[in-house]
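Enquirer: Attaching a single structure in structure tokens format; questions to follow.
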Amino acid sequence: MIEVSQPETASAILVGVDLGLTHFDSQLSELGLLAQTAGLIPVSKIVCKRKAPDPALFVGSGKADEIKAMAELHQATEILFDQALSPAQQRNLERHIGLPVNDRTLLILEIFAQRARSHEGKLQVELARLQYLSTRLVRRWSHLERQSGGIGNRGGPGETQIELDRRMIGESIKRTKERLEKVKKQRNTQRRQRQKFSVFNISLVGYTNAGKSSLFNSLVKAKSYAADQLFATLDTTTRQIYLNQGADQGIQASLSDTVGFIRDLPHGLIDAFEATLQESTEADLLLHVVDASHPDFLEQMAQVAMVLEEIGASDIDQMLVFNKSDALPNEQMPFILSDNYEMNGKTMHRQFVSAKTGQGLDQLREFLTIAAKNHRQVTFPDTTITNHV
């Protein structure tokens, strides 16, 4: 007897298509976490292989029929694809299956919309959603076929409803960009103030859920929101951190916690979050926080490196902070907490820490003190021991 899931709230079928890419998530574990973060309950999943996406349905008609049958079996309310769908593919799938079909891009946008708290964060999310929506006007509304006469906001003579909506969205995008530009100027003013007083700027970067906010709270004794979920923090938070406090005069630095990165981060979000990510491009040192206990931490590190390259921050001095060392199995526990690590042809200092237990945080502070004293002339310890991880 087949047991059918009875969803209490919105439930989703997860769909992944293996196109031969190295980073394909065959278990759809990350998509499942994204769905849960957005308030959906994953009830089943389908994984298939294709050499190339089907132009009309992305997965082909046979697999679309299978998805439809599984959705009916589990009484799912939505279909989620792990890859980005074109507007036409999304529209065709919805007609074929009879349910809302959304992709990874929209899912991330929805999470960002739910989590944004600051004025800047809300503006950035709004811009990204408007840019996404502008390409999918023809997907949702049948009234867009009609023409609307009149003047002003109702459109000129003969202007179709879709043209009117596109124009209105275009104007909204323009206004949102202007407002974000003002926020960007304010941030630049704050950075110049820090630079005026020779403040050493440290920025936390890393894959989402690597523990950046927990580490931030541990280092600056703050209470920023931190949770074991994707995109727990969206708004950049900057606090003062005092290093070398045992000396007569401590060293003052600024520490910024930024939004986490993720595989296939929508380009619209990278553009929209330029003001936030600029905290990374203006930093003197990047602390690349890695979830050492994650089985795909190497792939996550590569994804972060790609985003840093895209925003022009790849040449900034980096230190690798392997967090969650308390969650490592015994056979993967490091022999020492500090060593050197080769990444993309560069030697970086690596520090194992646990923001949860405090392990390694004293050594991390010592390194940051050295880096702040040298101010961009980072001295790496001469460590030759190789760790398991």
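A note on labels: chains of the structure tokens are A, B, ... as shown, every chain counts residues from 1, and ligands are counted from 1 in their shown order.
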Write out as a list in words which residues come within 8 Å of Leu31 of chain A when counting only C-alpha atoms, dropping same-chain ones fewer than 2 positions away.
Expert: Leu14, Leu28, Ser29, Leu33, Leu34, Ala35, Asp82 and Arg104 of chain A
Enquirer: Using C-alpha atoms, can you write the selected residues to a file as a PDB file, in the first residue's frame?
Expert:
ATOM      1  CA  LEU A  14      11.377  18.899  -6.157  1.00  0.00           C
ATOM      2  CA  LEU A  28      18.391  17.916  -4.167  1.00  0.00           C
ATOM      3  CA  SER A  29      19.306  18.562  -0.539  1.00  0.00           C
ATOM      4  CA  LEU A  33      16.488  23.420   2.382  1.00  0.00           C
ATOM      5  CA  LEU A  34      15.600  26.401   0.219  1.00  0.00           C
ATOM      6  CA  ALA A  35      12.007  25.176  -0.019  1.00  0.00           C
ATOM      7  CA  ASP A  82      16.581  23.215  -9.195  1.00  0.00           C
ATOM      8  CA  ARG A 104      15.470  28.074  -8.048  1.00  0.00           C
TER       9      ARG A 104
END
Enquirer: Can you list, as a PyMOL selection string, every protein, DNA or RNA residue that comes within 8 Å of Thr237 of chain A when you count only C-alpha atoms, leaving out same-chain residues fewer than 2 positions away?
Expert: chain A and resi 235+239+256-258
Enquirer: With C-alpha atoms kept, could you save the residues just selected as a PDB file, in the first residue's frame?
Expert:
ATOM      1  CA  ASP A 235      21.429  42.828   5.786  1.00  0.00           C
ATOM      2  CA  ARG A 239      30.539  46.541  14.346  1.00  0.00           C
ATOM      3  CA  SER A 256      31.162  43.327   8.642  1.00  0.00           C
ATOM      4  CA  ASP A 257      28.812  40.370   8.279  1.00  0.00           C
ATOM      5  CA  THR A 258      27.489  40.108   4.708  1.00  0.00           C
TER       6      THR A 258
END
Enquirer: Need to verify the contact set: segment 76-80 of chain A, 8 Å, only C-alpha atoms, exclusion of same-chain residues closer than 6 positions in sequence. Can you return it as JSON, numbers by chain?
Expert: {"A": [7, 10, 11, 12, 13, 14, 15, 43, 99, 100, 101, 102, 103, 104]}
Enquirer: Do a neighbour search on segment 289-299 of chain A at 10 Å with only C-alpha atoms, toss out local chain neighbours closer than 2 positions, and write the hits as a short mmCIF file (atom, residue, chain, number, x, y, z; two decimals) with N, CA and C atoms, in the first residue's frame.
Expert:
data_model
loop_
_atom_site.label_atom_id
_atom_site.label_comp_id
_atom_site.auth_asym_id
_atom_site.auth_seq_id
_atom_site.Cartn_x
_atom_site.Cartn_y
_atom_site.Cartn_z
N THR A 22 29.32 19.45 -13.08
CA THR A 22 30.00 18.83 -11.94
C THR A 22 29.32 19.12 -10.62
N HIS A 23 28.64 20.26 -10.50
CA HIS A 23 28.07 20.63 -9.21
C HIS A 23 26.63 20.17 -9.03
N ASP A 25 23.44 18.58 -7.77
CA ASP A 25 23.07 18.04 -6.46
C ASP A 25 22.07 16.91 -6.67
N LEU A 204 33.31 39.40 6.58
CA LEU A 204 33.02 37.98 6.57
C LEU A 204 32.30 37.62 5.28
N VAL A 205 32.82 36.66 4.55
CA VAL A 205 32.16 36.16 3.36
C VAL A 205 32.09 34.64 3.46
N GLY A 206 31.24 34.03 2.65
CA GLY A 206 31.16 32.58 2.69
C GLY A 206 29.82 32.09 2.17
N TYR A 207 29.74 30.80 2.02
CA TYR A 207 28.51 30.15 1.56
C TYR A 207 27.44 30.31 2.63
N THR A 208 26.18 30.37 2.20
CA THR A 208 25.11 30.52 3.16
C THR A 208 25.08 29.35 4.14
N ASN A 209 24.78 29.65 5.37
CA ASN A 209 24.71 28.67 6.47
C ASN A 209 26.07 28.11 6.86
N ALA A 210 27.14 28.86 6.55
CA ALA A 210 28.47 28.44 6.98
C ALA A 210 28.75 28.86 8.41
N GLY A 211 27.87 29.69 8.98
CA GLY A 211 28.05 30.12 10.37
C GLY A 211 28.68 31.50 10.49
N LYS A 212 28.54 32.34 9.47
CA LYS A 212 29.15 33.67 9.51
C LYS A 212 28.58 34.53 10.64
N LEU A 215 29.76 33.39 14.04
CA LEU A 215 31.14 33.80 14.25
C LEU A 215 31.21 35.30 14.52
N GLY A 260 25.13 35.66 2.68
CA GLY A 260 25.80 34.45 2.24
C GLY A 260 25.63 34.20 0.75
N ARG A 263 25.20 28.50 -4.63
CA ARG A 263 25.37 28.05 -6.02
C ARG A 263 24.28 28.63 -6.90
N LEU A 286 39.48 39.64 3.95
CA LEU A 286 38.26 38.84 3.87
C LEU A 286 38.44 37.59 4.71
N LEU A 287 37.50 37.34 5.59
CA LEU A 287 37.47 36.07 6.32
C LEU A 287 36.48 35.17 5.60
N MET A 301 33.30 26.40 -1.49
CA MET A 301 34.42 27.35 -1.55
C MET A 301 34.62 27.86 -2.97
N ALA A 302 34.50 26.97 -3.94
CA ALA A 302 34.66 27.36 -5.34
C ALA A 302 33.57 28.34 -5.76
N GLN A 303 32.34 28.13 -5.29
CA GLN A 303 31.24 29.04 -5.63
C GLN A 303 31.48 30.42 -5.04
N VAL A 304 31.96 30.49 -3.81
CA VAL A 304 32.26 31.77 -3.18
C VAL A 304 33.37 32.48 -3.94
N ALA A 305 34.38 31.72 -4.36
CA ALA A 305 35.48 32.31 -5.14
C ALA A 305 34.98 32.90 -6.45
N MET A 319 41.66 35.04 4.41
CA MET A 319 41.99 34.03 5.40
C MET A 319 40.82 33.06 5.43
N LEU A 320 41.12 31.78 5.44
CA LEU A 320 40.09 30.76 5.49
C LEU A 320 39.77 30.42 6.94
N VAL A 321 38.51 30.50 7.30
CA VAL A 321 38.07 30.16 8.65
C VAL A 321 37.16 28.94 8.53
N PHE A 322 37.68 27.77 8.88
CA PHE A 322 36.91 26.53 8.81
C PHE A 322 36.10 26.41 10.10
N ASN A 323 34.83 26.79 9.99
CA ASN A 323 33.94 26.82 11.15
C ASN A 323 33.29 25.45 11.37
N LYS A 324 32.59 25.33 12.48
CA LYS A 324 31.85 24.12 12.86
C LYS A 324 32.79 22.92 13.03
N SER A 325 34.00 23.18 13.56
CA SER A 325 34.95 22.08 13.78
C SER A 325 34.42 21.10 14.82
N ASP A 326 33.50 21.57 15.67
CA ASP A 326 32.93 20.68 16.69
C ASP A 326 32.04 19.61 16.07
N ALA A 327 31.60 19.84 14.81
CA ALA A 327 30.71 18.89 14.14
C ALA A 327 31.47 17.89 13.28
N LEU A 328 32.80 17.99 13.23
CA LEU A 328 33.59 17.07 12.42
C LEU A 328 33.66 15.69 13.08
N PRO A 329 33.59 14.62 12.28
CA PRO A 329 33.81 13.28 12.85
C PRO A 329 35.25 13.14 13.32
N GLN A 332 38.22 13.11 10.96
CA GLN A 332 38.50 14.33 10.20
C GLN A 332 38.95 15.48 11.07
N MET A 333 39.09 15.25 12.36
CA MET A 333 39.51 16.32 13.25
C MET A 333 40.94 16.73 12.90
N ARG A 350 44.81 29.24 7.22
CA ARG A 350 43.55 28.60 7.57
C ARG A 350 43.48 28.41 9.08
N GLN A 351 42.32 28.75 9.62
CA GLN A 351 42.09 28.61 11.05
C GLN A 351 40.85 27.78 11.28
N PHE A 352 40.95 26.71 12.05
CA PHE A 352 39.79 25.92 12.44
C PHE A 352 39.18 26.54 13.70
N VAL A 353 37.88 26.77 13.67
CA VAL A 353 37.20 27.35 14.82
C VAL A 353 35.85 26.68 15.00
N SER A 354 35.27 26.95 16.14
CA SER A 354 33.88 26.60 16.39
C SER A 354 33.23 27.79 17.06
N VAL A 389 41.34 17.56 6.79
CA VAL A 389 40.29 18.21 5.99
C VAL A 389 40.90 18.94 4.81
#
Enquirer: Would you please extract all alpha helix (DSSP H) residues from segment 278-336 of chain A, as assigned by DSSP on the backbone, and give them as a ChimeraX atom specification?
Expert: /A:278-281,297-310
Enquirer: Selection from above, C-alpha atoms, as a PDB file, in the first residue's frame, can you write it?
Expert:
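Full text of again.pdb as output:
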ATOM      1  CA  GLN A 278      30.653  46.411  -1.701  1.00  0.00           C
ATOM      2  CA  GLU A 279      31.518  45.883   1.951  1.00  0.00           C
ATOM      3  CA  SER A 280      33.590  42.975   0.669  1.00  0.00           C
ATOM      4  CA  THR A 281      35.226  44.889  -2.192  1.00  0.00           C
ATOM      5  CA  PHE A 297      32.657  22.255   1.293  1.00  0.00           C
ATOM      6  CA  LEU A 298      35.146  22.305  -1.604  1.00  0.00           C
ATOM      7  CA  GLU A 299      32.368  23.042  -4.098  1.00  0.00           C
ATOM      8  CA  GLN A 300      30.990  25.724  -1.785  1.00  0.00           C
ATOM      9  CA  MET A 301      34.415  27.345  -1.549  1.00  0.00           C
ATOM     10  CA  ALA A 302      34.662  27.363  -5.343  1.00  0.00           C
ATOM     11  CA  GLN A 303      31.243  29.035  -5.626  1.00  0.00           C
ATOM     12  CA  VAL A 304      32.258  31.767  -3.176  1.00  0.00           C
ATOM     13  CA  ALA A 305      35.482  32.314  -5.136  1.00  0.00           C
ATOM     14  CA  MET A 306      33.447  32.744  -8.328  1.00  0.00           C
ATOM     15  CA  VAL A 307      31.226  35.413  -6.761  1.00  0.00           C
ATOM     16  CA  LEU A 308      34.240  37.233  -5.297  1.00  0.00           C
ATOM     17  CA  GLU A 309      35.760  37.260  -8.773  1.00  0.00           C
ATOM     18  CA  GLU A 310      32.526  38.636 -10.212  1.00  0.00           C
TER      19      GLU A 310
END
Enquirer: Just to confirm, what's the straight-line distance from atom CA of Arg95 of chain A to atom CA of Gln36 of chain A in Å (one decimal)?
Expert: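 According to the coordinates, atom CA of Arg95 of chain A and atom CA of Gln36 of chain A are separated by 25.4 Å.
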Enquirer: Any idea what's packed within 12 Å of Ala128 of chain A, counting only C-alpha atoms, ignoring anything in its chain fewer than 3 positions away? Could you give it as a PDB file with N, CA and C atoms, in the first residue's frame?
Expert:
ATOM      1  N   THR A 105      15.627  30.307  -9.015  1.00  0.00           N
ATOM      2  CA  THR A 105      15.809  31.755  -8.971  1.00  0.00           C
ATOM      3  C   THR A 105      14.689  32.427  -8.187  1.00  0.00           C
ATOM      4  N   LEU A 106      13.429  32.106  -8.531  1.00  0.00           N
ATOM      5  CA  LEU A 106      12.299  32.727  -7.841  1.00  0.00           C
ATOM      6  C   LEU A 106      12.270  32.316  -6.375  1.00  0.00           C
ATOM      7  N   ILE A 108      14.803  31.701  -4.396  1.00  0.00           N
ATOM      8  CA  ILE A 108      15.773  32.529  -3.674  1.00  0.00           C
ATOM      9  C   ILE A 108      15.242  33.951  -3.501  1.00  0.00           C
ATOM     10  N   LEU A 109      14.616  34.481  -4.537  1.00  0.00           N
ATOM     11  CA  LEU A 109      14.045  35.821  -4.454  1.00  0.00           C
ATOM     12  C   LEU A 109      12.966  35.891  -3.375  1.00  0.00           C
ATOM     13  N   GLU A 110      12.134  34.861  -3.289  1.00  0.00           N
ATOM     14  CA  GLU A 110      11.078  34.841  -2.287  1.00  0.00           C
ATOM     15  C   GLU A 110      11.662  34.801  -0.877  1.00  0.00           C
ATOM     16  N   PHE A 112      14.597  35.943   0.013  1.00  0.00           N
ATOM     17  CA  PHE A 112      15.170  37.259   0.266  1.00  0.00           C
ATOM     18  C   PHE A 112      14.069  38.252   0.639  1.00  0.00           C
ATOM     19  N   ALA A 113      12.915  38.163  -0.039  1.00  0.00           N
ATOM     20  CA  ALA A 113      11.811  39.077   0.247  1.00  0.00           C
ATOM     21  C   ALA A 113      11.290  38.871   1.666  1.00  0.00           C
ATOM     22  N   GLY A 121      17.995  46.599   2.354  1.00  0.00           N
ATOM     23  CA  GLY A 121      17.727  45.214   1.959  1.00  0.00           C
ATOM     24  C   GLY A 121      16.415  45.074   1.223  1.00  0.00           C
ATOM     25  N   LYS A 122      15.382  45.777   1.700  1.00  0.00           N
ATOM     26  CA  LYS A 122      14.082  45.724   1.030  1.00  0.00           C
ATOM     27  C   LYS A 122      14.146  46.315  -0.373  1.00  0.00           C
ATOM     28  N   LEU A 123      14.906  47.411  -0.528  1.00  0.00           N
ATOM     29  CA  LEU A 123      15.067  48.016  -1.849  1.00  0.00           C
ATOM     30  C   LEU A 123      15.777  47.061  -2.800  1.00  0.00           C
ATOM     31  N   GLN A 124      16.797  46.383  -2.307  1.00  0.00           N
ATOM     32  CA  GLN A 124      17.564  45.472  -3.149  1.00  0.00           C
ATOM     33  C   GLN A 124      16.708  44.291  -3.603  1.00  0.00           C
ATOM     34  N   VAL A 125      15.912  43.751  -2.674  1.00  0.00           N
ATOM     35  CA  VAL A 125      15.034  42.643  -3.023  1.00  0.00           C
ATOM     36  C   VAL A 125      13.984  43.096  -4.033  1.00  0.00           C
ATOM     37  N   GLN A 131      13.116  43.015 -11.702  1.00  0.00           N
ATOM     38  CA  GLN A 131      13.876  42.592 -12.878  1.00  0.00           C
ATOM     39  C   GLN A 131      13.468  41.184 -13.318  1.00  0.00           C
ATOM     40  N   TYR A 132      13.208  40.321 -12.369  1.00  0.00           N
ATOM     41  CA  TYR A 132      12.758  38.960 -12.691  1.00  0.00           C
ATOM     42  C   TYR A 132      11.357  38.997 -13.296  1.00  0.00           C
ATOM     43  N   LEU A 133      10.478  39.800 -12.682  1.00  0.00           N
ATOM     44  CA  LEU A 133       9.098  39.880 -13.138  1.00  0.00           C
ATOM     45  C   LEU A 133       8.996  40.445 -14.549  1.00  0.00           C
ATOM     46  N   SER A 134       9.889  41.366 -14.896  1.00  0.00           N
ATOM     47  CA  SER A 134       9.800  42.021 -16.203  1.00  0.00           C
ATOM     48  C   SER A 134       9.961  41.047 -17.355  1.00  0.00           C
ATOM     49  N   THR A 135      10.582  39.896 -17.116  1.00  0.00           N
ATOM     50  CA  THR A 135      10.775  38.903 -18.175  1.00  0.00           C
ATOM     51  C   THR A 135       9.655  37.878 -18.216  1.00  0.00           C
ATOM     52  N   ILE A 169       6.680  48.753 -14.860  1.00  0.00           N
ATOM     53  CA  ILE A 169       7.744  48.033 -14.154  1.00  0.00           C
ATOM     54  C   ILE A 169       9.095  48.675 -14.443  1.00  0.00           C
ATOM     55  N   SER A 172       9.428  51.608 -12.284  1.00  0.00           N
ATOM     56  CA  SER A 172       9.678  51.195 -10.899  1.00  0.00           C
ATOM     57  C   SER A 172      11.133  50.773 -10.709  1.00  0.00           C
ATOM     58  N   ILE A 173      11.681  50.059 -11.703  1.00  0.00           N
ATOM     59  CA  ILE A 173      13.091  49.659 -11.636  1.00  0.00           C
ATOM     60  C   ILE A 173      13.986  50.889 -11.593  1.00  0.00           C
ATOM     61  N   THR A 176      13.742  52.546  -8.139  1.00  0.00           N
ATOM     62  CA  THR A 176      14.406  51.745  -7.110  1.00  0.00           C
ATOM     63  C   THR A 176      15.921  51.856  -7.229  1.00  0.00           C
ATOM     64  N   LYS A 177      16.424  51.865  -8.460  1.00  0.00           N
ATOM     65  CA  LYS A 177      17.872  52.023  -8.663  1.00  0.00           C
ATOM     66  C   LYS A 177      18.354  53.375  -8.145  1.00  0.00           C
ATOM     67  N   LEU A 180      18.501  53.196  -4.412  1.00  0.00           N
ATOM     68  CA  LEU A 180      19.654  52.384  -3.994  1.00  0.00           C
ATOM     69  C   LEU A 180      20.964  53.148  -4.176  1.00  0.00           C
ATOM     70  N   LEU A 265      23.664  31.619  -7.769  1.00  0.00           N
ATOM     71  CA  LEU A 265      23.029  32.842  -7.277  1.00  0.00           C
ATOM     72  C   LEU A 265      22.576  33.665  -8.472  1.00  0.00           C
ATOM     73  N   PRO A 266      21.300  34.040  -8.523  1.00  0.00           N
ATOM     74  CA  PRO A 266      20.807  34.792  -9.689  1.00  0.00           C
ATOM     75  C   PRO A 266      21.616  36.055  -9.932  1.00  0.00           C
ATOM     76  N   HIS A 267      21.988  36.273 -11.203  1.00  0.00           N
ATOM     77  CA  HIS A 267      22.797  37.446 -11.530  1.00  0.00           C
ATOM     78  C   HIS A 267      22.081  38.730 -11.154  1.00  0.00           C
ATOM     79  N   GLY A 268      20.746  38.718 -11.246  1.00  0.00           N
ATOM     80  CA  GLY A 268      19.991  39.897 -10.852  1.00  0.00           C
ATOM     81  C   GLY A 268      20.204  40.243  -9.396  1.00  0.00           C
ATOM     82  N   LEU A 269      20.382  39.211  -8.558  1.00  0.00           N
ATOM     83  CA  LEU A 269      20.633  39.466  -7.144  1.00  0.00           C
ATOM     84  C   LEU A 269      22.032  40.017  -6.923  1.00  0.00           C
ATOM     85  N   ILE A 270      23.002  39.530  -7.687  1.00  0.00           N
ATOM     86  CA  ILE A 270      24.362  40.058  -7.568  1.00  0.00           C
ATOM     87  C   ILE A 270      24.364  41.533  -7.912  1.00  0.00           C
ATOM     88  N   ASP A 271      23.665  41.908  -8.984  1.00  0.00           N
ATOM     89  CA  ASP A 271      23.584  43.312  -9.385  1.00  0.00           C
ATOM     90  C   ASP A 271      22.825  44.120  -8.332  1.00  0.00           C
ATOM     91  N   ALA A 272      21.697  43.574  -7.878  1.00  0.00           N
ATOM     92  CA  ALA A 272      20.862  44.303  -6.934  1.00  0.00           C
ATOM     93  C   ALA A 272      21.550  44.487  -5.589  1.00  0.00           C
ATOM     94  N   PHE A 273      22.381  43.531  -5.185  1.00  0.00           N
ATOM     95  CA  PHE A 273      23.034  43.599  -3.887  1.00  0.00           C
ATOM     96  C   PHE A 273      24.443  44.187  -3.971  1.00  0.00           C
ATOM     97  N   GLU A 274      24.671  44.959  -5.025  1.00  0.00           N
ATOM     98  CA  GLU A 274      26.002  45.537  -5.207  1.00  0.00           C
ATOM     99  C   GLU A 274      26.392  46.405  -4.017  1.00  0.00           C
TER     100      GLU A 274
END
Enquirer: Which of these, A:Met348, A:Leu164, A:Val199, A:Ile336, has the shortest distance to Lys373 of chain A once you count only C-alpha atoms?
Expert: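 Residue with the minimum atom-to-atom distance to Lys373 of chain A: A:Val199.
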Enquirer: Grab the atom CA of Leu255 of chain A to atom CA of Ile241 of chain A distance for me, in Å with one decimal place.
Expert: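 Between atom CA of Leu255 of chain A and atom CA of Ile241 of chain A the gap is 6.4 Å.
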Enquirer: Extract the full set of strand (DSSP E or B) residues from segment 197-378 of chain A according to DSSP on the backbone, and format it as a VMD selection string.
Expert: chain A and resid 200 to 207 237 to 243 251 to 257 261 285 to 291 318 to 323 338 to 343 346 to 352
Enquirer: Could you give me, as a PyMOL selection string, the residues within 10 Å of Asp18 of chain A, counting only C-alpha atoms and dropping anything in the same chain fewer than 2 positions from it?
Expert: chain A and resi 16+20-26+47-53+82-83
Enquirer: Residues as selected, N, CA and C atoms, written as a CSV table (one decimal), in the first residue's frame, can you do that?
Expert:
chain,number,residue,atom,x,y,z
A,16,GLY,N,15.0,17.9,-10.3
A,16,GLY,CA,16.4,18.2,-10.7
A,16,GLY,C,16.8,17.6,-12.0
A,20,GLY,N,24.9,17.1,-16.8
A,20,GLY,CA,26.4,16.7,-16.9
A,20,GLY,C,27.3,17.7,-16.2
A,21,LEU,N,26.7,18.7,-15.4
A,21,LEU,CA,27.6,19.6,-14.7
A,21,LEU,C,28.1,19.0,-13.4
A,22,THR,N,29.3,19.4,-13.1
A,22,THR,CA,30.0,18.8,-11.9
A,22,THR,C,29.3,19.1,-10.6
A,23,HIS,N,28.6,20.3,-10.5
A,23,HIS,CA,28.1,20.6,-9.2
A,23,HIS,C,26.6,20.2,-9.0
A,24,PHE,N,26.1,19.3,-9.9
A,24,PHE,CA,24.8,18.8,-9.8
A,24,PHE,C,24.5,18.2,-8.4
A,25,ASP,N,23.4,18.6,-7.8
A,25,ASP,CA,23.1,18.0,-6.5
A,25,ASP,C,22.1,16.9,-6.7
A,26,SER,N,22.6,15.7,-6.7
A,26,SER,CA,21.7,14.5,-7.1
A,26,SER,C,20.7,14.3,-6.0
A,47,VAL,N,14.5,13.1,-10.1
A,47,VAL,CA,15.8,13.5,-10.7
A,47,VAL,C,15.9,12.7,-12.1
A,48,CYS,N,16.3,13.5,-13.1
A,48,CYS,CA,16.5,12.8,-14.4
A,48,CYS,C,17.7,13.4,-15.1
A,49,LYS,N,18.1,12.7,-16.2
A,49,LYS,CA,19.3,13.1,-16.9
A,49,LYS,C,18.9,13.5,-18.3
A,50,ARG,N,19.5,14.6,-18.8
A,50,ARG,CA,19.4,15.0,-20.2
A,50,ARG,C,20.7,15.6,-20.7
A,51,LYS,N,20.9,15.5,-22.0
A,51,LYS,CA,22.1,16.1,-22.6
A,51,LYS,C,21.9,17.6,-22.7
A,52,ALA,N,20.7,18.0,-22.9
A,52,ALA,CA,20.3,19.4,-23.0
A,52,ALA,C,18.9,19.6,-22.6
A,53,PRO,N,18.5,20.8,-22.1
A,53,PRO,CA,17.1,21.1,-21.7
A,53,PRO,C,16.2,21.0,-22.9
A,82,ASP,N,15.3,22.8,-9.7
A,82,ASP,CA,16.6,23.2,-9.2
A,82,ASP,C,17.4,24.1,-10.2
A,83,GLN,N,16.9,24.1,-11.4
A,83,GLN,CA,17.6,25.0,-12.4
A,83,GLN,C,16.7,26.1,-12.8
